[in-house]
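Structure data follow from coords-v5.cif (mmCIF, C-alpha atoms and all ligand atoms):
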data_work
#
loop_
_atom_site.label_atom_id
_atom_site.label_comp_id
_atom_site.auth_asym_id
_atom_site.auth_seq_id
_atom_site.Cartn_x
_atom_site.Cartn_y
_atom_site.Cartn_z
CA MET A 21 5.55 -17.58 -6.95
CA HIS A 22 2.12 -18.02 -8.49
CA GLY A 23 0.48 -16.69 -5.29
CA PHE A 24 2.76 -13.64 -5.36
CA LYS A 25 1.64 -12.80 -8.89
CA ILE A 26 -2.01 -12.98 -7.91
CA ARG A 27 -1.40 -10.74 -4.91
CA SER A 28 0.43 -8.11 -6.97
CA LEU A 29 -2.38 -8.11 -9.52
CA ARG A 30 -4.88 -7.46 -6.76
CA VAL A 31 -2.81 -4.56 -5.44
CA ARG A 32 -2.70 -3.05 -8.91
CA ASP A 33 -6.46 -3.43 -9.31
CA MET A 34 -6.96 -1.63 -6.00
CA ASN A 35 -4.69 1.19 -7.14
CA ILE A 36 -6.76 1.74 -10.26
CA SER A 37 -9.89 2.53 -8.27
CA TRP A 38 -8.21 4.04 -5.21
CA LEU A 39 -8.80 7.62 -6.39
CA ASN A 40 -12.33 6.86 -7.51
CA LEU A 41 -12.36 9.47 -10.28
CA GLU A 42 -14.44 7.29 -12.59
CA ASP A 43 -17.40 9.24 -13.98
CA LYS A 44 -16.04 12.58 -12.78
CA VAL A 45 -15.79 15.38 -15.34
CA ALA A 46 -12.59 17.43 -15.14
CA VAL A 47 -11.90 20.71 -16.93
CA VAL A 48 -8.21 21.57 -17.24
CA THR A 49 -7.38 25.11 -18.38
CA GLY A 50 -4.11 25.37 -20.28
CA GLY A 51 -4.55 21.64 -20.88
CA GLY A 52 -2.84 21.81 -24.27
CA SER A 53 0.74 21.88 -22.97
CA GLY A 54 3.14 21.09 -20.12
CA VAL A 55 1.62 20.69 -16.67
CA GLY A 56 -1.95 20.93 -17.98
CA ARG A 57 -1.40 18.19 -20.56
CA ALA A 58 0.10 15.89 -17.90
CA CYS A 59 -2.93 16.55 -15.66
CA CYS A 60 -5.37 15.77 -18.50
CA LEU A 61 -3.66 12.45 -19.23
CA GLU A 62 -3.42 11.33 -15.60
CA LEU A 63 -7.02 12.30 -14.84
CA ALA A 64 -8.13 10.25 -17.87
CA ARG A 65 -5.95 7.27 -16.85
CA ASN A 66 -7.81 7.37 -13.54
CA GLY A 67 -11.18 7.22 -15.28
CA ALA A 68 -12.22 10.89 -15.44
CA ARG A 69 -13.84 12.41 -18.52
CA VAL A 70 -11.61 15.34 -19.43
CA CYS A 71 -12.35 18.66 -21.10
CA VAL A 72 -9.14 20.23 -22.42
CA ALA A 73 -9.60 24.02 -22.30
CA ASP A 74 -6.86 25.96 -24.04
CA ILE A 75 -6.46 29.05 -26.19
CA MET A 76 -4.19 27.10 -28.59
CA GLN A 77 -6.50 24.99 -30.75
CA GLN A 78 -3.83 22.80 -32.35
CA ASN A 79 -2.24 21.84 -29.02
CA GLY A 80 -5.60 21.24 -27.37
CA GLU A 81 -6.73 18.97 -30.20
CA ALA A 82 -3.46 17.03 -30.04
CA VAL A 83 -4.00 16.36 -26.33
CA LEU A 84 -7.59 15.32 -27.08
CA LYS A 85 -6.21 12.69 -29.47
CA GLU A 86 -3.93 11.38 -26.73
CA LEU A 87 -6.89 11.21 -24.35
CA GLU A 88 -8.93 9.30 -26.89
CA SER A 89 -6.16 6.73 -27.16
CA ILE A 90 -6.43 6.19 -23.38
CA GLY A 91 -10.17 5.61 -23.79
CA GLY A 92 -13.35 7.20 -22.43
CA MET A 93 -15.23 10.32 -23.45
CA HIS A 94 -13.29 13.59 -23.63
CA SER A 95 -13.49 16.97 -25.36
CA PHE A 96 -11.54 20.06 -26.34
CA VAL A 97 -13.00 23.55 -25.99
CA LYS A 98 -11.06 26.50 -27.32
CA THR A 99 -11.04 28.82 -24.33
CA ASP A 100 -9.54 32.17 -23.47
CA VAL A 101 -9.58 32.28 -19.67
CA THR A 102 -9.46 36.09 -19.71
CA SER A 103 -12.82 36.33 -21.49
CA LEU A 104 -16.01 35.93 -19.45
CA GLU A 105 -17.97 34.83 -22.54
CA SER A 106 -15.38 32.22 -23.45
CA VAL A 107 -15.23 30.85 -19.88
CA ILE A 108 -19.02 30.57 -19.66
CA GLY A 109 -18.87 28.64 -22.96
CA MET A 110 -16.21 26.35 -21.46
CA ALA A 111 -18.37 25.46 -18.44
CA SER A 112 -21.46 24.92 -20.65
CA ALA A 113 -19.48 22.70 -23.02
CA ALA A 114 -18.28 20.48 -20.17
CA ASN A 115 -21.84 20.10 -18.91
CA GLU A 116 -23.38 19.53 -22.34
CA GLN A 117 -20.69 17.34 -23.92
CA LEU A 118 -19.44 15.40 -20.91
CA GLY A 119 -22.45 15.54 -18.57
CA GLY A 120 -21.22 17.71 -15.71
CA LEU A 121 -18.33 19.59 -14.14
CA ASP A 122 -16.85 18.03 -11.00
CA ILE A 123 -13.21 19.14 -11.11
CA LEU A 124 -11.67 22.39 -12.34
CA VAL A 125 -7.89 22.58 -12.67
CA ASN A 126 -7.14 26.31 -12.91
CA ASN A 127 -3.80 25.82 -14.64
CA ALA A 128 -3.48 28.26 -17.58
CA GLY A 129 -0.65 30.67 -16.90
CA ILE A 130 2.16 32.74 -18.39
CA ASN A 131 5.47 34.07 -17.10
CA ILE A 132 7.37 36.92 -18.79
CA PRO A 133 10.68 37.74 -17.04
CA ALA A 134 11.25 41.46 -16.40
CA LEU A 135 12.96 43.65 -13.81
CA LEU A 136 11.14 46.33 -11.85
CA VAL A 137 13.93 48.71 -12.84
CA ASP A 138 16.51 47.83 -15.49
CA PRO A 139 19.23 50.50 -15.55
CA ALA A 140 20.08 49.37 -19.10
CA GLY A 141 16.43 49.82 -20.06
CA LYS A 142 16.33 46.48 -21.88
CA GLN A 143 13.93 44.39 -19.91
CA GLU A 144 11.76 46.36 -17.62
CA LEU A 145 8.36 45.46 -16.25
CA THR A 146 5.82 47.31 -18.38
CA GLU A 147 2.17 48.03 -17.87
CA GLN A 148 1.47 45.65 -20.75
CA ILE A 149 3.38 42.72 -19.15
CA TRP A 150 1.73 43.46 -15.81
CA ASP A 151 -1.81 43.54 -17.28
CA ARG A 152 -1.37 40.47 -19.48
CA THR A 153 0.12 38.34 -16.69
CA ALA A 154 -2.47 39.42 -14.13
CA SER A 155 -5.25 38.91 -16.65
CA ILE A 156 -4.36 35.29 -17.47
CA ASN A 157 -2.93 34.05 -14.16
CA GLN A 158 -5.26 35.84 -11.76
CA LYS A 159 -8.42 37.11 -13.46
CA GLY A 160 -8.52 33.91 -15.53
CA ALA A 161 -8.51 31.81 -12.36
CA PHE A 162 -11.35 33.94 -10.94
CA LEU A 163 -13.55 33.70 -14.03
CA CYS A 164 -13.06 29.93 -14.34
CA ALA A 165 -13.62 29.27 -10.63
CA GLN A 166 -16.79 31.37 -10.67
CA ALA A 167 -18.23 29.58 -13.71
CA ALA A 168 -17.31 26.13 -12.37
CA ILE A 169 -18.58 26.73 -8.83
CA ARG A 170 -21.81 28.25 -10.18
CA SER A 171 -22.33 25.07 -12.20
CA MET A 172 -21.49 22.86 -9.19
CA ILE A 173 -23.97 24.70 -6.94
CA GLN A 174 -26.73 24.57 -9.58
CA THR A 175 -26.28 20.83 -10.10
CA GLY A 176 -25.63 20.01 -6.42
CA THR A 177 -22.16 18.70 -7.29
CA HIS A 178 -19.64 18.31 -4.46
CA GLY A 179 -16.81 19.36 -6.73
CA VAL A 180 -13.23 20.55 -6.41
CA VAL A 181 -11.35 23.60 -7.72
CA ILE A 182 -7.57 23.20 -7.89
CA ASN A 183 -5.56 26.38 -8.38
CA MET A 184 -2.08 26.01 -9.93
CA ALA A 185 0.02 28.39 -7.85
CA SER A 186 3.83 28.31 -7.58
CA GLU A 187 6.36 28.33 -4.76
CA SER A 188 7.38 31.76 -6.05
CA GLY A 189 4.02 33.01 -4.74
CA LEU A 190 5.32 32.71 -1.18
CA GLU A 191 9.03 33.10 -1.83
CA GLY A 192 9.09 35.91 -4.41
CA SER A 193 11.30 35.54 -7.47
CA ALA A 194 13.89 37.91 -8.99
CA GLY A 195 12.94 38.85 -12.53
CA GLN A 196 9.45 37.39 -12.11
CA SER A 197 7.75 39.77 -9.69
CA ILE A 198 4.37 40.04 -11.39
CA TYR A 199 4.28 36.29 -12.03
CA ALA A 200 5.04 35.61 -8.35
CA ALA A 201 2.46 38.20 -7.28
CA THR A 202 -0.29 36.51 -9.31
CA LYS A 203 0.69 33.17 -7.77
CA ALA A 204 0.58 34.72 -4.27
CA ALA A 205 -2.93 35.90 -5.12
CA LEU A 206 -3.89 32.28 -5.76
CA TYR A 207 -2.91 31.40 -2.17
CA SER A 208 -5.22 34.08 -0.87
CA LEU A 209 -8.05 33.32 -3.32
CA THR A 210 -7.86 29.61 -2.45
CA ARG A 211 -8.31 30.38 1.24
CA SER A 212 -11.10 32.94 0.72
CA TRP A 213 -13.08 30.85 -1.78
CA ALA A 214 -12.76 27.83 0.52
CA LYS A 215 -14.39 29.87 3.29
CA GLU A 216 -17.22 30.89 0.94
CA VAL A 217 -18.10 27.60 -0.74
CA GLY A 218 -17.24 24.89 1.79
CA THR A 219 -20.84 24.78 3.03
CA HIS A 220 -21.91 23.67 -0.48
CA GLY A 221 -19.62 20.65 -0.15
CA ILE A 222 -17.26 22.18 -2.71
CA ARG A 223 -13.53 22.10 -1.96
CA VAL A 224 -10.96 24.66 -3.11
CA VAL A 225 -7.31 23.68 -2.94
CA GLY A 226 -4.09 24.49 -4.74
CA LEU A 227 -0.67 23.25 -5.70
CA ALA A 228 2.60 25.13 -5.58
CA PRO A 229 5.19 23.45 -7.78
CA GLY A 230 8.78 24.60 -7.62
CA ILE A 231 11.12 24.16 -10.57
CA LEU A 232 9.82 21.58 -13.01
CA GLU A 233 11.22 19.83 -16.06
CA VAL A 234 10.85 21.81 -19.29
CA THR A 235 7.36 22.82 -20.42
CA GLY A 236 6.01 25.11 -23.14
CA LEU A 237 6.53 28.03 -20.81
CA ARG A 238 10.30 27.52 -20.65
CA THR A 239 11.22 28.50 -24.17
CA GLU A 240 14.71 29.57 -25.19
CA ALA A 241 13.51 33.18 -25.22
CA TYR A 242 12.18 32.77 -21.67
CA GLU A 243 15.49 31.33 -20.45
CA GLU A 244 17.46 34.12 -22.15
CA ALA A 245 15.18 36.71 -20.57
CA LEU A 246 15.32 35.18 -17.09
CA ALA A 247 19.10 34.81 -17.27
CA TYR A 248 19.39 38.49 -18.22
CA THR A 249 17.32 39.58 -15.20
CA ARG A 250 19.66 37.53 -12.97
CA GLY A 251 22.88 38.80 -14.52
CA THR A 252 23.88 35.41 -15.90
CA THR A 253 23.72 33.50 -19.17
CA ALA A 254 21.00 31.12 -20.31
CA GLU A 255 23.59 28.35 -20.49
CA ALA A 256 24.71 28.85 -16.89
CA LEU A 257 21.09 29.12 -15.77
CA ARG A 258 20.20 25.85 -17.52
CA LYS A 259 23.16 24.03 -15.91
CA ASP A 260 22.08 24.94 -12.43
CA TYR A 261 18.31 25.08 -12.92
CA GLY A 262 16.48 22.56 -10.83
CA LYS A 263 19.56 21.39 -8.94
CA SER A 264 21.08 23.86 -6.50
CA GLY A 265 19.10 24.56 -3.35
CA ILE A 266 16.71 21.67 -3.94
CA PRO A 267 17.11 19.01 -1.23
CA LEU A 268 15.90 16.32 -3.65
CA GLY A 269 18.56 17.54 -6.11
CA ARG A 270 16.39 17.57 -9.22
CA PRO A 271 13.47 19.39 -10.82
CA GLY A 272 9.97 18.02 -10.34
CA THR A 273 8.39 16.05 -13.16
CA LEU A 274 5.10 16.96 -14.80
CA GLN A 275 3.87 13.50 -13.84
CA GLU A 276 4.53 14.29 -10.17
CA VAL A 277 2.36 17.40 -10.43
CA ALA A 278 -0.36 15.44 -12.24
CA ASN A 279 -0.30 12.73 -9.54
CA ALA A 280 -0.82 15.36 -6.84
CA VAL A 281 -3.65 16.97 -8.83
CA CYS A 282 -5.44 13.62 -9.10
CA PHE A 283 -5.03 13.01 -5.37
CA LEU A 284 -6.36 16.48 -4.47
CA ALA A 285 -9.26 16.02 -6.90
CA SER A 286 -10.24 12.74 -5.31
CA GLU A 287 -12.34 11.83 -2.30
CA ARG A 288 -9.09 10.62 -0.73
CA ALA A 289 -8.34 14.30 -0.08
CA SER A 290 -11.86 15.01 1.19
CA TYR A 291 -10.73 17.08 4.19
CA ALA A 292 -8.10 19.08 2.29
CA HIS A 293 -9.70 22.49 1.83
CA GLY A 294 -8.37 26.05 1.58
CA THR A 295 -4.82 24.77 1.46
CA ILE A 296 -1.98 24.75 -1.07
CA LEU A 297 0.27 21.71 -1.39
CA ASN A 298 3.94 22.64 -1.78
CA LEU A 299 5.66 20.54 -4.43
CA SER A 300 9.15 21.97 -4.54
CA GLY A 301 11.32 18.99 -3.61
CA GLY A 302 11.90 20.57 -0.20
CA LYS A 303 13.23 23.86 -1.60
CA SER A 304 10.69 26.20 -0.05
CA ARG A 305 8.37 26.31 2.93
CA ALA A 306 4.94 24.79 2.74
N1 LIG A 401 6.80 24.94 -15.47
C1 LIG A 401 7.10 25.21 -14.21
O1 LIG A 401 8.27 25.08 -13.79
C2 LIG A 401 6.01 25.67 -13.28
C3 LIG A 401 6.31 25.82 -11.91
C4 LIG A 401 5.31 26.26 -11.06
C5 LIG A 401 4.04 26.52 -11.53
N2 LIG A 401 3.77 26.35 -12.87
C6 LIG A 401 2.42 26.69 -13.33
O2 LIG A 401 1.89 25.63 -14.10
C7 LIG A 401 0.95 26.18 -15.04
C8 LIG A 401 1.22 25.61 -16.43
O3 LIG A 401 2.51 26.04 -16.85
P1 LIG A 401 3.40 25.22 -17.86
O4 LIG A 401 4.78 25.28 -17.33
O5 LIG A 401 2.79 23.91 -18.13
O6 LIG A 401 3.35 26.18 -19.13
P2 LIG A 401 2.91 25.91 -20.64
O7 LIG A 401 3.25 27.18 -21.35
O8 LIG A 401 3.50 24.65 -21.12
O9 LIG A 401 1.33 25.75 -20.55
C9 LIG A 401 0.47 26.84 -20.34
C10 LIG A 401 -0.79 26.63 -21.14
O10 LIG A 401 -1.69 27.71 -20.87
C11 LIG A 401 -2.30 28.08 -22.11
N3 LIG A 401 -2.81 29.45 -22.05
C12 LIG A 401 -2.09 30.61 -22.05
N4 LIG A 401 -2.91 31.66 -22.05
C13 LIG A 401 -4.18 31.17 -22.03
C14 LIG A 401 -5.46 31.77 -22.04
N5 LIG A 401 -5.62 33.11 -22.06
N6 LIG A 401 -6.55 30.97 -22.02
C15 LIG A 401 -6.40 29.61 -22.02
N7 LIG A 401 -5.22 29.00 -22.04
C16 LIG A 401 -4.11 29.77 -22.04
C17 LIG A 401 -1.19 27.92 -23.13
O11 LIG A 401 -1.71 27.84 -24.45
C18 LIG A 401 -0.54 26.64 -22.66
O12 LIG A 401 -1.12 25.51 -23.26
C19 LIG A 401 1.08 27.70 -14.98
O13 LIG A 401 0.03 28.23 -14.19
C20 LIG A 401 2.41 27.89 -14.27
O14 LIG A 401 2.47 29.09 -13.55
C21 LIG A 401 4.73 25.93 -13.75
#
As structure tokens, the full file:
Amino acid sequence: MHGFKIRSLRVRDMNISWLNLEDKVAVVTGGGSGVGRACCLELARNGARVCVADIMQQNGEAVLKELESIGGMHSFVKTDVTSLESVIGMASAANEQLGGLDILVNNAGINIPALLVDPAGKQELTEQIWDRTASINQKGAFLCAQAAIRSMIQTGTHGVVINMASESGLEGSAGQSIYAATKAALYSLTRSWAKEVGTHGIRVVGLAPGILEVTGLRTEAYEEALAYTRGTTAEALRKDYGKSGIPLGRPGTLQEVANAVCFLASERASYAHGTILNLSGGKSRA
């Protein structure tokens, strides 16, 4: 019995250093909520120094407090991923405050349900929704990747960029066409950037979660809007959401996404490059 306890302790010790993220600096955009927050916490639990980059100051600072309770050195930088100036400031802050930039999690994103054509004229895709979604989800990912990779090349860092896509990028999604299109763009950008920067020892990968447990993105207003685009009610949508059509029979957890991010960020995934990991519980193709 005593021997068993010692063995299990050793296994746990090995798990702590298995990912070897100690001393790495990770910047997580949209780190103030949902998936981004979970990534910040798991990266820190694995020893990384984390820079929370979010447009929402209060949320970002709250996550910073949680990180400080885990231990280690972390920071929050108010960042608007759609602004070049703000993104350059984010990369500089990570370098100056935390001593480098090894991992970028390109996670900030929005999703505003709308139909291409709504005969009732209630919820139609507008130029404004199109521009705002593309600006945050797609241009934001470009600006952040460019600033991070520039920093990695200048400092000779063999870093990693992780793009937060979505299964809807490959599958399409009724009522979410511009969202899905921006996520499809992340598939393509991941592959192209991987071809450009691999020779610098920098990896570019992505994750495509399916339906997840509730985050900041899934507000009541969002559920009402999505239900409308699908001709159902928010209540009916909620009942079925994350169950039907998912072989694992449940939505993914934020922790499961964060675990995959830590794996992809680590040397354990050193030959994963230009690829997107599907995390949809078996719902969609890889
Ligand atoms: N929740 C899901 O079911 C799901 C599924 C697949 C993919 N995703 C992706 O995960 C990512 C995070 O989504 P979430 O569900 O955690 O949503 P969320 O709303 O909880 O978090 C998004 C974060 O991005 C921040 N943000 C928004 N605009 C920004 C900007 N201009 N600059 C900086 N930060 C900004 C928000 O303040 C927020 O903290 C998104 O890219 C989303 O597409 C989510």
Just need the box for ligand LIG 401 (chain A), edges along x, y and z, holding every atom the file lists for it with 8 Å tacked onto each side, so centre and edge lengths in Å to one decimal, as JSON.
{"center_x": 0.9, "center_y": 28.5, "center_z": -17.8, "size_x": 30.8, "size_y": 25.2, "size_z": 29.4}
Dump the neighbourhood of ligand LIG 401 (chain A) as a compact mmCIF listing (two decimals) with C-alpha atoms, in the coordinates of the input: all residues within 7 Å, distances computed on all atoms listed in the file.
# COMPACT_ATOMS: atom_id res chain seq x y z
CA THR A 49 -7.38 25.11 -18.38
CA GLY A 50 -4.11 25.37 -20.28
CA GLY A 51 -4.55 21.64 -20.88
CA GLY A 52 -2.84 21.81 -24.27
CA SER A 53 0.74 21.88 -22.97
CA GLY A 54 3.14 21.09 -20.12
CA VAL A 55 1.62 20.69 -16.67
CA GLY A 56 -1.95 20.93 -17.98
CA ALA A 73 -9.60 24.02 -22.30
CA ASP A 74 -6.86 25.96 -24.04
CA ILE A 75 -6.46 29.05 -26.19
CA MET A 76 -4.19 27.10 -28.59
CA ASN A 79 -2.24 21.84 -29.02
CA THR A 99 -11.04 28.82 -24.33
CA ASP A 100 -9.54 32.17 -23.47
CA VAL A 101 -9.58 32.28 -19.67
CA THR A 102 -9.46 36.09 -19.71
CA ASN A 127 -3.80 25.82 -14.64
CA ALA A 128 -3.48 28.26 -17.58
CA GLY A 129 -0.65 30.67 -16.90
CA ILE A 130 2.16 32.74 -18.39
CA ASN A 131 5.47 34.07 -17.10
CA ILE A 156 -4.36 35.29 -17.47
CA ASN A 157 -2.93 34.05 -14.16
CA MET A 184 -2.08 26.01 -9.93
CA ALA A 185 0.02 28.39 -7.85
CA SER A 186 3.83 28.31 -7.58
CA GLU A 187 6.36 28.33 -4.76
CA ALA A 228 2.60 25.13 -5.58
CA PRO A 229 5.19 23.45 -7.78
CA GLY A 230 8.78 24.60 -7.62
CA ILE A 231 11.12 24.16 -10.57
CA LEU A 232 9.82 21.58 -13.01
CA GLU A 233 11.22 19.83 -16.06
CA VAL A 234 10.85 21.81 -19.29
CA THR A 235 7.36 22.82 -20.42
CA GLY A 236 6.01 25.11 -23.14
CA LEU A 237 6.53 28.03 -20.81
CA ARG A 238 10.30 27.52 -20.65
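The protein and nucleic acid residues lying at most 12 Å from region 140-143 of chain A are Ile132, Pro133, Ala134, Leu135, Leu136, Val137, Asp138, Leu145, Thr146, Ile149, Gly195, Gln196, Tyr242, Glu244, Ala245, Leu246, Ala247, Tyr248, Thr249, Arg250 and Gly251 of chain A, with all atoms listed in the file considered and sequence neighbours fewer than 2 positions away removed.
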Legend entry - Distance query Val70 (chain A) at most 12 Å, all atoms listed in the file, self and fewer than 4 positions along chain excluded, as JSON, numbers by chain: {"A": [41, 42, 43, 44, 45, 46, 47, 48, 49, 51, 52, 56, 57, 58, 59, 60, 61, 62, 63, 64, 65, 66, 80, 83, 84, 85, 86, 87, 88, 90, 91, 92, 93, 94, 95, 96, 97, 113, 114, 115, 117, 118, 119, 120, 121, 122, 123, 124, 125]}
Inset, instruction - Using all atoms listed in the file, find all polymer residues with an atom at most 8 Å away from the point (-21.4, 16.5, -0.8); report them as an MDAnalysis selection string. - result: chainID A and resid 176:178 220:222
Inset, instruction - Choose the residue, out of A:Gln158, A:Ser290, A:Asn279, A:Ser300, that has the smallest atom-to-atom separation from Asn126 (chain A); count all atoms listed in the file. - result: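 Among the listed residues, the smallest separation from Asn126 (chain A) belongs to A:Gln158.
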Legend entry - All residues 9 Å or closer to Glu191 (chain A), all atoms listed in the file, same chain fewer than 5 positions away omitted, as number ranges by chain: A: 200, 204, 304-305
Legend entry - CA of Thr153 (chain A) to CA of Arg69 (chain A), distance in Å rounded to a single decimal: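 Pair CA of Thr153 (chain A) / CA of Arg69 (chain A) returns 29.5 Å.
Residue nearest Thr253 (chain A) within the list A:Ala68, A:Gly265, A:Ser103, A:Glu240: A:Glu240 [criterion: smallest interatomic distance, all atoms listed in the file].
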Legend entry - Two-atom distance - CA of Ile169 (chain A), CA of Ala82 (chain A) (Å):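 We find that CA of Ile169 (chain A) and CA of Ala82 (chain A) lie 27.8 Å from each other.
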Inset, instruction - Would you mind telling me which residue in A:Gly189, A:Pro271, A:Gly226, A:Gly160 lies nearest to Ala285 (chain A) when using all atoms listed in the file? - result: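 Checking each of A:Gly189, A:Pro271, A:Gly226, A:Gly160 against Ala285 (chain A), counting all atoms listed in the file, the winner is A:Gly226.
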Inset, instruction - Tell me, in Å to one decimal, how far CA of Leu227 (chain A) is from CA of Ser89 (chain A). - result: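 CA of Ser89 (chain A) lies at a distance of 27.6 Å from CA of Leu227 (chain A).
Between Leu257 (chain A) and the residues A:Gly192, A:Glu243, A:Ala111, A:Arg170, the shortest atom-to-atom distance, using all atoms listed in the file, involves A:Glu243.
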Legend entry - Residue nearest Asp151 (chain A) among A:Ser212, A:Tyr199, A:Gly109, A:Asn40 (counting only C-alpha atoms): A:Tyr199
